[in-house]
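See below for my_file-v1.cif, which holds mmCIF, C-alpha atoms.
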```
data_model
#
loop_
_atom_site.group_PDB
_atom_site.id
_atom_site.type_symbol
_atom_site.label_atom_id
_atom_site.label_comp_id
_atom_site.auth_asym_id
_atom_site.auth_seq_id
_atom_site.Cartn_x
_atom_site.Cartn_y
_atom_site.Cartn_z
ATOM 1 C CA MET Z 1 8.328 41.887 4.465
ATOM 2 C CA LYS Z 2 6.989 38.690 6.050
ATOM 3 C CA ARG Z 3 4.344 38.451 3.298
ATOM 4 C CA LEU Z 4 6.999 38.830 0.551
ATOM 5 C CA LEU Z 5 9.149 36.116 2.139
ATOM 6 C CA THR Z 6 6.141 33.792 2.373
ATOM 7 C CA LEU Z 7 5.297 34.363 -1.304
ATOM 8 C CA ALA Z 8 8.917 33.733 -2.338
ATOM 9 C CA LEU Z 9 9.085 30.498 -0.359
ATOM 10 C CA SER Z 10 5.744 29.379 -1.820
ATOM 11 C CA ALA Z 11 6.960 30.053 -5.384
ATOM 12 C CA ALA Z 12 10.163 28.117 -4.727
ATOM 13 C CA ALA Z 13 8.169 25.203 -3.310
ATOM 14 C CA VAL Z 14 5.896 25.135 -6.366
ATOM 15 C CA SER Z 15 8.898 25.241 -8.727
ATOM 16 C CA GLY Z 16 10.631 22.444 -6.830
ATOM 17 C CA ALA Z 17 7.513 20.298 -6.838
ATOM 18 C CA PHE Z 18 7.080 20.935 -10.562
ATOM 19 C CA ALA Z 19 10.657 19.812 -11.255
ATOM 20 C CA GLN Z 20 10.197 16.643 -9.176
ATOM 21 C CA GLY Z 21 7.250 15.694 -11.375
ATOM 22 C CA PHE Z 22 9.083 16.590 -14.584
ATOM 23 C CA PRO Z 23 8.822 15.175 -17.152
ATOM 24 C CA SER Z 24 5.185 14.174 -16.868
ATOM 25 C CA LYS Z 25 4.794 13.417 -20.585
ATOM 26 C CA PRO Z 26 7.055 12.992 -23.642
ATOM 27 C CA ILE Z 27 9.553 15.784 -24.277
ATOM 28 C CA THR Z 28 9.515 17.157 -27.818
ATOM 29 C CA LEU Z 29 12.700 18.449 -29.435
ATOM 30 C CA VAL Z 30 11.567 20.744 -32.233
ATOM 31 C CA VAL Z 31 13.944 20.901 -35.214
ATOM 32 C CA PRO Z 32 13.135 23.840 -37.513
ATOM 33 C CA PHE Z 33 14.269 21.965 -40.635
ATOM 34 C CA ALA Z 34 13.252 18.905 -42.617
ATOM 35 C CA ALA Z 35 14.065 15.398 -41.409
ATOM 36 C CA GLY Z 36 17.391 13.936 -42.454
ATOM 37 C CA GLY Z 37 19.412 17.149 -42.464
ATOM 38 C CA PRO Z 38 22.430 17.934 -40.247
ATOM 39 C CA THR Z 39 20.470 19.644 -37.454
ATOM 40 C CA ASP Z 40 17.928 16.830 -37.461
ATOM 41 C CA LEU Z 41 20.725 14.273 -36.997
ATOM 42 C CA VAL Z 42 22.218 16.224 -34.097
ATOM 43 C CA ALA Z 43 18.808 16.458 -32.403
ATOM 44 C CA ARG Z 44 18.114 12.727 -32.800
ATOM 45 C CA HIS Z 45 21.516 11.800 -31.394
ATOM 46 C CA LEU Z 46 20.953 14.189 -28.477
ATOM 47 C CA ALA Z 47 17.477 12.784 -27.793
ATOM 48 C CA GLU Z 48 18.892 9.277 -27.501
ATOM 49 C CA ALA Z 49 21.745 10.384 -25.245
ATOM 50 C CA MET Z 50 19.476 12.413 -22.927
ATOM 51 C CA ARG Z 51 16.972 9.637 -22.225
ATOM 52 C CA LYS Z 52 19.067 7.881 -19.581
ATOM 53 C CA PRO Z 53 20.015 11.002 -17.537
ATOM 54 C CA MET Z 54 16.359 12.065 -17.777
ATOM 55 C CA GLY Z 55 15.318 8.849 -16.041
ATOM 56 C CA GLY Z 56 14.288 7.019 -19.191
ATOM 57 C CA ALA Z 57 11.966 9.788 -20.354
ATOM 58 C CA SER Z 58 10.451 9.628 -23.807
ATOM 59 C CA ILE Z 59 12.115 12.251 -26.003
ATOM 60 C CA VAL Z 60 10.849 12.664 -29.558
ATOM 61 C CA VAL Z 61 11.983 14.852 -32.450
ATOM 62 C CA GLU Z 62 9.457 16.944 -34.352
ATOM 63 C CA ASN Z 63 10.368 18.657 -37.628
ATOM 64 C CA ALA Z 64 8.759 22.064 -38.199
ATOM 65 C CA ALA Z 65 10.523 23.363 -41.298
ATOM 66 C CA GLY Z 66 10.181 26.648 -43.147
ATOM 67 C CA ALA Z 67 11.283 30.278 -43.343
ATOM 68 C CA GLY Z 68 14.920 29.597 -42.548
ATOM 69 C CA GLY Z 69 14.089 27.942 -39.246
ATOM 70 C CA THR Z 70 11.894 30.722 -37.903
ATOM 71 C CA ILE Z 71 8.633 28.714 -38.109
ATOM 72 C CA GLY Z 72 9.939 26.052 -35.740
ATOM 73 C CA ALA Z 73 11.543 28.624 -33.458
ATOM 74 C CA THR Z 74 8.306 30.603 -33.253
ATOM 75 C CA LYS Z 75 6.433 27.394 -32.383
ATOM 76 C CA VAL Z 76 8.711 26.831 -29.382
ATOM 77 C CA ALA Z 77 8.691 30.489 -28.301
ATOM 78 C CA ARG Z 78 4.879 30.268 -28.081
ATOM 79 C CA ALA Z 79 4.756 26.807 -26.476
ATOM 80 C CA THR Z 80 3.712 26.155 -22.882
ATOM 81 C CA ALA Z 81 6.721 26.970 -20.712
ATOM 82 C CA ASP Z 82 6.864 23.688 -18.803
ATOM 83 C CA GLY Z 83 10.001 22.087 -20.279
ATOM 84 C CA HIS Z 84 8.166 19.580 -22.463
ATOM 85 C CA THR Z 85 8.778 21.520 -25.704
ATOM 86 C CA LEU Z 86 12.379 22.401 -26.551
ATOM 87 C CA LEU Z 87 14.204 23.749 -29.594
ATOM 88 C CA VAL Z 88 17.404 22.486 -31.210
ATOM 89 C CA TRP Z 89 18.667 25.137 -33.616
ATOM 90 C CA HIS Z 90 21.952 26.144 -35.138
ATOM 91 C CA ILE Z 91 23.633 29.475 -35.914
ATOM 92 C CA GLY Z 92 20.346 30.628 -37.420
ATOM 93 C CA MET Z 93 19.335 31.713 -33.913
ATOM 94 C CA ALA Z 94 21.931 34.474 -34.270
ATOM 95 C CA ALA Z 95 21.611 35.126 -38.015
ATOM 96 C CA THR Z 96 17.862 35.435 -38.557
ATOM 97 C CA THR Z 97 17.580 38.503 -36.350
ATOM 98 C CA SER Z 98 19.541 40.368 -39.061
ATOM 99 C CA LEU Z 99 18.258 38.450 -42.104
ATOM 100 C CA TYR Z 100 14.566 38.846 -41.332
ATOM 101 C CA ARG Z 101 13.183 42.367 -41.065
ATOM 102 C CA LYS Z 102 9.939 40.983 -39.617
ATOM 103 C CA GLN Z 103 10.412 38.251 -37.046
ATOM 104 C CA GLN Z 104 7.877 36.952 -34.558
ATOM 105 C CA PHE Z 105 10.340 36.369 -31.730
ATOM 106 C CA LYS Z 106 13.391 37.987 -30.166
ATOM 107 C CA PRO Z 107 16.293 35.531 -29.758
ATOM 108 C CA LEU Z 108 17.681 37.021 -26.557
ATOM 109 C CA GLU Z 109 14.313 37.700 -24.912
ATOM 110 C CA ASP Z 110 11.877 34.935 -25.842
ATOM 111 C CA PHE Z 111 13.876 31.819 -24.922
ATOM 112 C CA GLU Z 112 15.596 30.235 -21.966
ATOM 113 C CA TYR Z 113 19.131 29.182 -22.914
ATOM 114 C CA LEU Z 114 20.164 25.641 -21.987
ATOM 115 C CA GLY Z 115 23.608 25.195 -23.538
ATOM 116 C CA ILE Z 116 25.595 24.731 -26.744
ATOM 117 C CA ILE Z 117 25.676 21.145 -28.023
ATOM 118 C CA ASN Z 118 28.422 21.142 -30.630
ATOM 119 C CA ASP Z 119 30.371 23.040 -33.250
ATOM 120 C CA VAL Z 120 30.223 21.844 -36.841
ATOM 121 C CA PRO Z 121 32.931 23.010 -39.267
ATOM 122 C CA MET Z 122 31.984 23.984 -42.794
ATOM 123 C CA THR Z 123 33.542 22.873 -46.052
ATOM 124 C CA LEU Z 124 33.786 24.841 -49.275
ATOM 125 C CA LEU Z 125 32.804 22.543 -52.130
ATOM 126 C CA GLY Z 126 32.729 22.557 -55.897
ATOM 127 C CA SER Z 127 31.128 20.465 -58.584
ATOM 128 C CA PRO Z 128 33.304 17.589 -59.832
ATOM 129 C CA LYS Z 129 33.145 19.362 -63.209
ATOM 130 C CA LEU Z 130 35.046 22.444 -61.981
ATOM 131 C CA PRO Z 131 38.561 22.683 -63.499
ATOM 132 C CA ALA Z 132 40.192 23.433 -60.122
ATOM 133 C CA ASN Z 133 41.743 21.017 -57.630
ATOM 134 C CA THR Z 134 43.310 23.343 -55.034
ATOM 135 C CA TYR Z 135 41.796 26.227 -53.103
ATOM 136 C CA ARG Z 136 44.032 28.783 -54.824
ATOM 137 C CA ASP Z 137 43.004 27.545 -58.275
ATOM 138 C CA PHE Z 138 39.388 27.465 -57.130
ATOM 139 C CA GLU Z 139 39.408 31.075 -55.899
ATOM 140 C CA ASN Z 140 41.143 32.291 -59.068
ATOM 141 C CA TYR Z 141 38.573 30.472 -61.184
ATOM 142 C CA ILE Z 142 35.681 32.010 -59.223
ATOM 143 C CA ARG Z 143 37.198 35.485 -59.527
ATOM 144 C CA ALA Z 144 37.474 35.096 -63.301
ATOM 145 C CA ASN Z 145 34.058 33.501 -63.806
ATOM 146 C CA GLY Z 146 31.925 34.541 -60.827
ATOM 147 C CA GLY Z 147 29.183 36.144 -62.887
ATOM 148 C CA LYS Z 148 28.707 32.919 -64.865
ATOM 149 C CA LEU Z 149 28.577 30.541 -61.907
ATOM 150 C CA ASN Z 150 25.988 29.652 -59.281
ATOM 151 C CA LEU Z 151 26.114 29.046 -55.549
ATOM 152 C CA ALA Z 152 23.592 26.769 -53.843
ATOM 153 C CA HIS Z 153 22.211 27.078 -50.347
ATOM 154 C CA ALA Z 154 19.463 25.382 -48.361
ATOM 155 C CA GLY Z 155 17.300 28.457 -47.858
ATOM 156 C CA LEU Z 156 17.593 31.898 -46.316
ATOM 157 C CA GLY Z 157 19.153 31.648 -42.865
ATOM 158 C CA SER Z 158 20.461 28.128 -43.424
ATOM 159 C CA ALA Z 159 24.032 27.221 -42.524
ATOM 160 C CA SER Z 160 24.987 26.955 -46.193
ATOM 161 C CA HIS Z 161 23.483 30.380 -46.897
ATOM 162 C CA ILE Z 162 25.366 32.066 -44.055
ATOM 163 C CA CYS Z 163 28.643 30.426 -45.044
ATOM 164 C CA GLY Z 164 28.242 31.408 -48.697
ATOM 165 C CA LEU Z 165 27.454 35.003 -47.740
ATOM 166 C CA MET Z 166 30.490 35.277 -45.508
ATOM 167 C CA TRP Z 167 32.858 33.674 -48.014
ATOM 168 C CA GLN Z 168 31.780 35.866 -50.935
ATOM 169 C CA SER Z 169 32.031 38.930 -48.709
ATOM 170 C CA ALA Z 170 35.513 37.928 -47.498
ATOM 171 C CA VAL Z 171 36.979 37.325 -50.971
ATOM 172 C CA LYS Z 172 35.387 40.528 -52.336
ATOM 173 C CA LEU Z 173 34.399 39.176 -55.733
ATOM 174 C CA ASP Z 174 33.996 41.715 -58.537
ATOM 175 C CA LYS Z 175 31.005 39.730 -59.792
ATOM 176 C CA SER Z 176 29.015 37.686 -57.312
ATOM 177 C CA MET Z 177 27.796 34.235 -58.189
ATOM 178 C CA THR Z 178 24.091 33.692 -58.729
ATOM 179 C CA THR Z 179 22.653 32.224 -55.533
ATOM 180 C CA ILE Z 180 20.053 29.476 -55.810
ATOM 181 C CA ALA Z 181 17.933 28.540 -52.801
ATOM 182 C CA TYR Z 182 16.850 24.933 -52.291
ATOM 183 C CA ARG Z 183 14.432 23.359 -49.861
ATOM 184 C CA GLY Z 184 17.150 21.653 -47.858
ATOM 185 C CA THR Z 185 20.733 20.513 -48.314
ATOM 186 C CA GLY Z 186 19.790 17.135 -49.828
ATOM 187 C CA PRO Z 187 18.519 18.394 -53.191
ATOM 188 C CA ALA Z 188 21.253 21.047 -53.313
ATOM 189 C CA MET Z 189 23.919 18.386 -52.810
ATOM 190 C CA ASN Z 190 22.370 16.185 -55.489
ATOM 191 C CA ASP Z 191 22.594 19.014 -58.027
ATOM 192 C CA LEU Z 192 26.149 19.822 -56.970
ATOM 193 C CA ILE Z 193 27.137 16.198 -57.570
ATOM 194 C CA GLY Z 194 25.356 16.251 -60.915
ATOM 195 C CA GLY Z 195 27.055 19.462 -62.020
ATOM 196 C CA GLN Z 196 23.912 21.609 -62.218
ATOM 197 C CA ILE Z 197 25.338 23.662 -59.341
ATOM 198 C CA ASP Z 198 28.919 24.964 -59.267
ATOM 199 C CA VAL Z 199 29.635 25.804 -55.623
ATOM 200 C CA MET Z 200 28.232 25.115 -52.165
ATOM 201 C CA CYS Z 201 29.398 25.667 -48.611
ATOM 202 C CA ASP Z 202 27.934 23.310 -46.030
ATOM 203 C CA GLN Z 203 28.415 21.504 -42.734
ATOM 204 C CA THR Z 204 30.790 18.575 -42.424
ATOM 205 C CA THR Z 205 27.852 16.564 -41.073
ATOM 206 C CA ASN Z 206 26.423 16.724 -44.582
ATOM 207 C CA THR Z 207 29.546 16.791 -46.752
ATOM 208 C CA THR Z 208 32.185 14.450 -45.316
ATOM 209 C CA SER Z 209 30.768 11.271 -46.848
ATOM 210 C CA GLN Z 210 30.401 12.941 -50.251
ATOM 211 C CA ILE Z 211 34.003 14.186 -50.136
ATOM 212 C CA GLU Z 212 35.293 10.780 -49.050
ATOM 213 C CA ALA Z 213 33.424 9.110 -51.916
ATOM 214 C CA GLY Z 214 34.867 11.591 -54.424
ATOM 215 C CA ARG Z 215 31.447 12.812 -55.535
ATOM 216 C CA VAL Z 216 32.349 16.480 -54.977
ATOM 217 C CA LYS Z 217 35.542 18.508 -54.820
ATOM 218 C CA ALA Z 218 36.503 20.035 -51.469
ATOM 219 C CA PHE Z 219 38.807 23.047 -51.296
ATOM 220 C CA ALA Z 220 38.962 24.336 -47.707
ATOM 221 C CA VAL Z 221 37.484 24.242 -44.217
ATOM 222 C CA THR Z 222 36.133 27.254 -42.357
ATOM 223 C CA THR Z 223 37.666 26.696 -38.918
ATOM 224 C CA ALA Z 224 40.519 28.730 -37.452
ATOM 225 C CA LYS Z 225 42.684 25.607 -37.189
ATOM 226 C CA PRO Z 226 43.027 22.617 -39.546
ATOM 227 C CA LEU Z 227 40.846 19.597 -38.758
ATOM 228 C CA SER Z 228 43.901 17.442 -38.064
ATOM 229 C CA ASN Z 229 41.912 14.734 -36.257
ATOM 230 C CA ASN Z 230 39.425 14.206 -39.074
ATOM 231 C CA LYS Z 231 40.510 11.399 -41.394
ATOM 232 C CA VAL Z 232 38.755 12.932 -44.414
ATOM 233 C CA LEU Z 233 39.397 16.649 -43.898
ATOM 234 C CA LYS Z 234 42.790 16.710 -42.156
ATOM 235 C CA ASP Z 235 44.722 17.707 -45.295
ATOM 236 C CA TYR Z 236 42.461 20.557 -46.420
ATOM 237 C CA PRO Z 237 43.623 24.126 -45.632
ATOM 238 C CA THR Z 238 41.676 26.626 -43.573
ATOM 239 C CA LEU Z 239 40.441 29.795 -45.238
ATOM 240 C CA GLN Z 240 42.621 31.757 -42.834
ATOM 241 C CA GLU Z 241 45.658 29.902 -44.148
ATOM 242 C CA MET Z 242 44.537 30.865 -47.641
ATOM 243 C CA GLY Z 243 44.616 34.556 -46.759
ATOM 244 C CA LEU Z 244 41.087 35.291 -45.532
ATOM 245 C CA LYS Z 245 42.063 37.001 -42.294
ATOM 246 C CA ASP Z 246 40.048 36.067 -39.183
ATOM 247 C CA PHE Z 247 37.678 33.827 -41.157
ATOM 248 C CA ASN Z 248 36.370 31.402 -38.554
ATOM 249 C CA LEU Z 249 32.917 29.924 -38.960
ATOM 250 C CA THR Z 250 31.413 26.918 -37.239
ATOM 251 C CA ILE Z 251 27.757 26.015 -37.249
ATOM 252 C CA TRP Z 252 27.023 25.527 -33.584
ATOM 253 C CA HIS Z 253 23.830 23.943 -32.280
ATOM 254 C CA GLY Z 254 22.100 24.983 -29.073
ATOM 255 C CA LEU Z 255 19.200 23.825 -26.904
ATOM 256 C CA TYR Z 256 16.406 26.239 -25.914
ATOM 257 C CA ALA Z 257 13.168 26.321 -23.913
ATOM 258 C CA PRO Z 258 10.300 28.834 -23.966
ATOM 259 C CA LYS Z 259 10.776 31.918 -21.808
ATOM 260 C CA GLY Z 260 9.391 31.426 -18.312
ATOM 261 C CA THR Z 261 10.158 27.726 -17.976
ATOM 262 C CA PRO Z 262 10.655 27.070 -14.211
ATOM 263 C CA PRO Z 263 14.315 27.329 -13.068
ATOM 264 C CA ASP Z 264 14.360 23.857 -11.495
ATOM 265 C CA VAL Z 265 13.106 22.329 -14.739
ATOM 266 C CA LEU Z 266 15.762 24.213 -16.708
ATOM 267 C CA LYS Z 267 18.403 22.932 -14.309
ATOM 268 C CA LYS Z 268 17.226 19.350 -14.756
ATOM 269 C CA ILE Z 269 17.285 19.646 -18.571
ATOM 270 C CA ASN Z 270 20.713 21.287 -18.596
ATOM 271 C CA GLU Z 271 22.151 18.585 -16.337
ATOM 272 C CA ALA Z 272 20.753 15.899 -18.651
ATOM 273 C CA MET Z 273 22.184 17.690 -21.685
ATOM 274 C CA VAL Z 274 25.645 18.012 -20.122
ATOM 275 C CA ALA Z 275 25.569 14.309 -19.217
ATOM 276 C CA ALA Z 276 24.599 13.500 -22.821
ATOM 277 C CA LEU Z 277 27.533 15.518 -24.145
ATOM 278 C CA LYS Z 278 29.862 13.285 -22.119
ATOM 279 C CA ASP Z 279 28.277 10.047 -23.311
ATOM 280 C CA PRO Z 280 30.965 8.129 -25.279
ATOM 281 C CA GLU Z 281 28.490 6.954 -27.924
ATOM 282 C CA PHE Z 282 27.175 10.491 -28.468
ATOM 283 C CA VAL Z 283 30.729 11.859 -28.746
ATOM 284 C CA LYS Z 284 31.660 9.132 -31.234
ATOM 285 C CA ARG Z 285 28.599 9.759 -33.380
ATOM 286 C CA GLN Z 286 29.333 13.486 -33.458
ATOM 287 C CA ASN Z 287 32.979 12.886 -34.310
ATOM 288 C CA ASP Z 288 31.922 10.580 -37.128
ATOM 289 C CA LEU Z 289 29.841 13.453 -38.507
ATOM 290 C CA GLY Z 290 32.806 15.829 -38.262
ATOM 291 C CA ALA Z 291 31.227 17.723 -35.353
ATOM 292 C CA LEU Z 292 33.058 18.819 -32.198
ATOM 293 C CA VAL Z 293 31.106 18.306 -28.955
ATOM 294 C CA ALA Z 294 31.042 21.424 -26.765
ATOM 295 C CA THR Z 295 33.040 21.207 -23.528
ATOM 296 C CA ASP Z 296 33.572 24.862 -22.573
ATOM 297 C CA LYS Z 297 31.516 27.376 -20.579
ATOM 298 C CA ARG Z 298 28.964 27.549 -23.409
ATOM 299 C CA VAL Z 299 27.360 24.362 -22.060
ATOM 300 C CA THR Z 300 26.034 26.537 -19.218
ATOM 301 C CA PRO Z 301 22.920 28.679 -19.767
ATOM 302 C CA ALA Z 302 24.803 31.917 -19.032
ATOM 303 C CA GLY Z 303 27.744 30.992 -21.252
ATOM 304 C CA HIS Z 304 25.396 29.953 -24.055
ATOM 305 C CA LYS Z 305 23.467 33.232 -24.008
ATOM 306 C CA GLU Z 306 26.628 35.340 -23.833
ATOM 307 C CA PHE Z 307 28.031 33.477 -26.843
ATOM 308 C CA VAL Z 308 24.870 33.909 -28.937
ATOM 309 C CA ALA Z 309 24.773 37.647 -28.169
ATOM 310 C CA ALA Z 310 28.327 37.947 -29.522
ATOM 311 C CA GLU Z 311 27.429 35.866 -32.608
ATOM 312 C CA ILE Z 312 24.428 38.122 -33.333
ATOM 313 C CA ALA Z 313 26.758 41.132 -33.419
ATOM 314 C CA LYS Z 314 29.352 39.333 -35.594
ATOM 315 C CA LEU Z 315 26.859 38.047 -38.146
ATOM 316 C CA LYS Z 316 24.982 41.331 -38.361
ATOM 317 C CA THR Z 317 28.095 42.942 -39.831
ATOM 318 C CA ALA Z 318 28.533 40.241 -42.493
ATOM 319 C CA ILE Z 319 24.826 40.106 -43.416
ATOM 320 C CA GLU Z 320 24.434 43.866 -43.724
ATOM 321 C CA ALA Z 321 27.591 44.014 -45.856
ATOM 322 C CA ALA Z 322 26.085 41.412 -48.198
ATOM 323 C CA GLY Z 323 22.805 43.336 -48.362
ATOM 324 C CA GLN Z 324 20.557 40.262 -48.621
ATOM 325 C CA PHE Z 325 17.467 40.283 -46.424
ATOM 326 C CA ALA Z 326 14.125 38.553 -46.110
ATOM 327 C CA ASP Z 327 10.853 40.449 -46.043
#
```
Translate this file's structure into structure tokens.
Amino acid sequence: MKRLLTLALSAAAVSGAFAQGFPSKPITLVVPFAAGGPTDLVARHLAEAMRKPMGGASIVVENAAGAGGTIGATKVARATADGHTLLVWHIGMAATTSLYRKQQFKPLEDFEYLGIINDVPMTLLGSPKLPANTYRDFENYIRANGGKLNLAHAGLGSASHICGLMWQSAVKLDKSMTTIAYRGTGPAMNDLIGGQIDVMCDQTTNTTSQIEAGRVKAFAVTTAKPLSNNKVLKDYPTLQEMGLKDFNLTIWHGLYAPKGTPPDVLKKINEAMVAALKDPEFVKRQNDLGALVATDKRVTPAGHKEFVAAEIAKLKTAIEAAGQFAD
């Protein structure tokens, strides 16, 4: 018993000493998508806001895109568990476990959970060439012409892909639209604006400026309640209001570390993240993007993991109903 107590105290002392010396080099926030996209913006804003509560530490963003985010996530899962390599990922953490039949990590087992950063509403968009101006006209037009139209997304497991899957499943179209995968939301948005693509569903962080400029048509938001505080989106209906019962989809972003990262280091990172979420400049920048900064129990590691487990179950139902999977 005395030996076990000695070992426990020694381990605690090592962990505490490790945390006191942390960080000992630049911290890397891995974003599993290309630079310039919504998740990349969130990560860069977070990196700036975390520097001060981390004692002025150098925090850099590294983009490791591909395979719906799973390449970057795998990189972090296999990284040295010392707190210097972290992952910023969105709802894909919950979706890819159902989308990908072969995945090199287990979301609930191979990461330490550090907290939810924000929730980003989605907007349902159409090409400016579509002959509809209201959601009801839009849905009727899609029902009548679904087999002739196309739906863009930014790759399997992307936010736009998940939203499109869920919307088509909810409206129960007789003929589904042809889905076209792009390498990111940028080129997909360009083709939507140009009329080569008919429909897209994507995060407000990527769509608000295009809607405000009148380059695309917006028809609805995906949140349970209207976005009454958003100057651009406040007058658009929710899909629930339009009859899609219980449709509530936000693209949340979370912060993760490799499994086995010392508890004291995790505590230090979480405390810095929570402080960043309260930073007025960070909050303003998120609000400007149409994102809602997390303030509930999901900013705790336990609350974050519990939430993701529930999201995995919810999305599994929608994905299996759609019947679209990766190899």
**Complete:** Nearest to Phe282 in chain Z, restricted to all atoms listed in the file and choosing among Z:Ala294, Z:Gly184, Z:Leu151, Z:Leu114, comes out as Z:Ala294
**Request:** Using the chain letters and numbers from the file, give me the residues hit by the PyMOL selection byres ((chain Z and resi 286) around 12), as a PyMOL selection string.
**Result:** chain Z and resi 38-39+41-46+49+117-121+204-206+230+253+276-285+287-294
**Message:** Let me make sure I understand: among Z:Pro237, Z:Gly243, Z:Pro301, Z:Gly157, which one has the smallest atom-to-atom distance to Leu255 in chain Z if we use all atoms listed in the file?
**Reply:**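 Nearest candidate to Leu255 in chain Z out of Z:Pro237, Z:Gly243, Z:Pro301, Z:Gly157: Z:Pro301.
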**Message:** Expand the PyMOL selection byres ((chain Z and resi 201) around 9) into the explicit residue set it covers here, and present it as a list in words.
**Reply:**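 Listing what the PyMOL selection byres ((chain Z and resi 201) around 9) selects in the shown file: Met122, Thr123, Leu124, Leu125, Gly126, Leu151, Ala152, His153, Ala159, Ser160, His161, Ile162, Cys163, Gly164, Trp167, Val199, Met200, Asp202 and Gln203 of chain Z.
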**Message:** I'd like the interatomic distance between CA of Pro263 in chain Z and CA of Met93 in chain Z, to a tenth of an Å.
**Reply:** 21.9 Å
**Request:** Would you kindly return, as an MDAnalysis selection string, each protein, DNA or RNA residue with an atom no farther than 9 Å from any atom of Asn133 in chain Z, considering all atoms listed in the file and excluding same-chain residues fewer than 2 positions away?
**Result:** chainID Z and resid 130:131 135:138 217:219
Same residues, C-alpha atoms, saved as a PDB file, in the frame of the given file:
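Full text of selection22.pdb as output:
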```pdb
ATOM      1  CA  LEU Z 130      35.046  22.444 -61.981  1.00  0.00           C
ATOM      2  CA  PRO Z 131      38.561  22.683 -63.499  1.00  0.00           C
ATOM      3  CA  TYR Z 135      41.796  26.227 -53.103  1.00  0.00           C
ATOM      4  CA  ARG Z 136      44.032  28.783 -54.824  1.00  0.00           C
ATOM      5  CA  ASP Z 137      43.004  27.545 -58.275  1.00  0.00           C
ATOM      6  CA  PHE Z 138      39.388  27.465 -57.130  1.00  0.00           C
ATOM      7  CA  LYS Z 217      35.542  18.508 -54.820  1.00  0.00           C
ATOM      8  CA  ALA Z 218      36.503  20.035 -51.469  1.00  0.00           C
ATOM      9  CA  PHE Z 219      38.807  23.047 -51.296  1.00  0.00           C
TER      10      PHE Z 219
END
```
Contacts of Gln196 in chain Z at 12 Å (only C-alpha atoms; same-chain gap of 4+ positions) as a compact mmCIF listing (two decimals) with C-alpha atoms, in the frame of the given file:
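As a result, around_11.txt now contains:
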```txt
# COMPACT_ATOMS: atom_id res chain seq x y z
CA GLY Z 126 32.73 22.56 -55.90
CA SER Z 127 31.13 20.46 -58.58
CA PRO Z 128 33.30 17.59 -59.83
CA LYS Z 129 33.15 19.36 -63.21
CA LEU Z 130 35.05 22.44 -61.98
CA LEU Z 149 28.58 30.54 -61.91
CA ASN Z 150 25.99 29.65 -59.28
CA LEU Z 151 26.11 29.05 -55.55
CA ALA Z 152 23.59 26.77 -53.84
CA ILE Z 180 20.05 29.48 -55.81
CA PRO Z 187 18.52 18.39 -53.19
CA ALA Z 188 21.25 21.05 -53.31
CA MET Z 189 23.92 18.39 -52.81
CA ASN Z 190 22.37 16.18 -55.49
CA ASP Z 191 22.59 19.01 -58.03
CA LEU Z 192 26.15 19.82 -56.97
CA MET Z 200 28.23 25.12 -52.16
```
**Message:** Which residues are near His304 in chain Z? Cut-off 6 Å, all atoms listed in the file, ignore same chain within fewer than 3 positions. Put them as a count of residues only.
**Reply:** 6
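What separates CA of Ile319 in chain Z from CA of Pro226 in chain Z is a distance of 25.5 Å.
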N, CA and C atoms are needed for range 97-107 of chain Z; please write them out as a CSV table (one decimal), in the frame of the given file.
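result-v7.csv, written as the output of this step:
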```
chain,number,residue,atom,x,y,z
Z,97,THR,N,18.0,37.2,-36.9
Z,97,THR,CA,17.6,38.5,-36.4
Z,97,THR,C,18.0,39.6,-37.3
Z,98,SER,N,19.1,39.4,-38.1
Z,98,SER,CA,19.5,40.4,-39.1
Z,98,SER,C,19.0,40.1,-40.5
Z,99,LEU,N,18.8,38.8,-40.8
Z,99,LEU,CA,18.3,38.4,-42.1
Z,99,LEU,C,16.8,38.8,-42.3
Z,100,TYR,N,16.0,38.6,-41.2
Z,100,TYR,CA,14.6,38.8,-41.3
Z,100,TYR,C,14.2,40.2,-40.7
Z,101,ARG,N,13.6,41.0,-41.6
Z,101,ARG,CA,13.2,42.4,-41.1
Z,101,ARG,C,11.9,42.3,-40.2
Z,102,LYS,N,11.1,41.2,-40.4
Z,102,LYS,CA,9.9,41.0,-39.6
Z,102,LYS,C,10.0,39.6,-39.0
Z,103,GLN,N,10.2,39.5,-37.7
Z,103,GLN,CA,10.4,38.3,-37.0
Z,103,GLN,C,9.5,38.2,-35.8
Z,104,GLN,N,8.9,37.0,-35.6
Z,104,GLN,CA,7.9,37.0,-34.6
Z,104,GLN,C,8.4,36.6,-33.2
Z,105,PHE,N,9.7,36.6,-33.0
Z,105,PHE,CA,10.3,36.4,-31.7
Z,105,PHE,C,11.7,37.1,-31.6
Z,106,LYS,N,12.1,37.3,-30.4
Z,106,LYS,CA,13.4,38.0,-30.2
Z,106,LYS,C,14.3,37.0,-29.5
Z,107,PRO,N,15.4,36.6,-30.2
Z,107,PRO,CA,16.3,35.5,-29.8
Z,107,PRO,C,16.8,35.7,-28.3
```
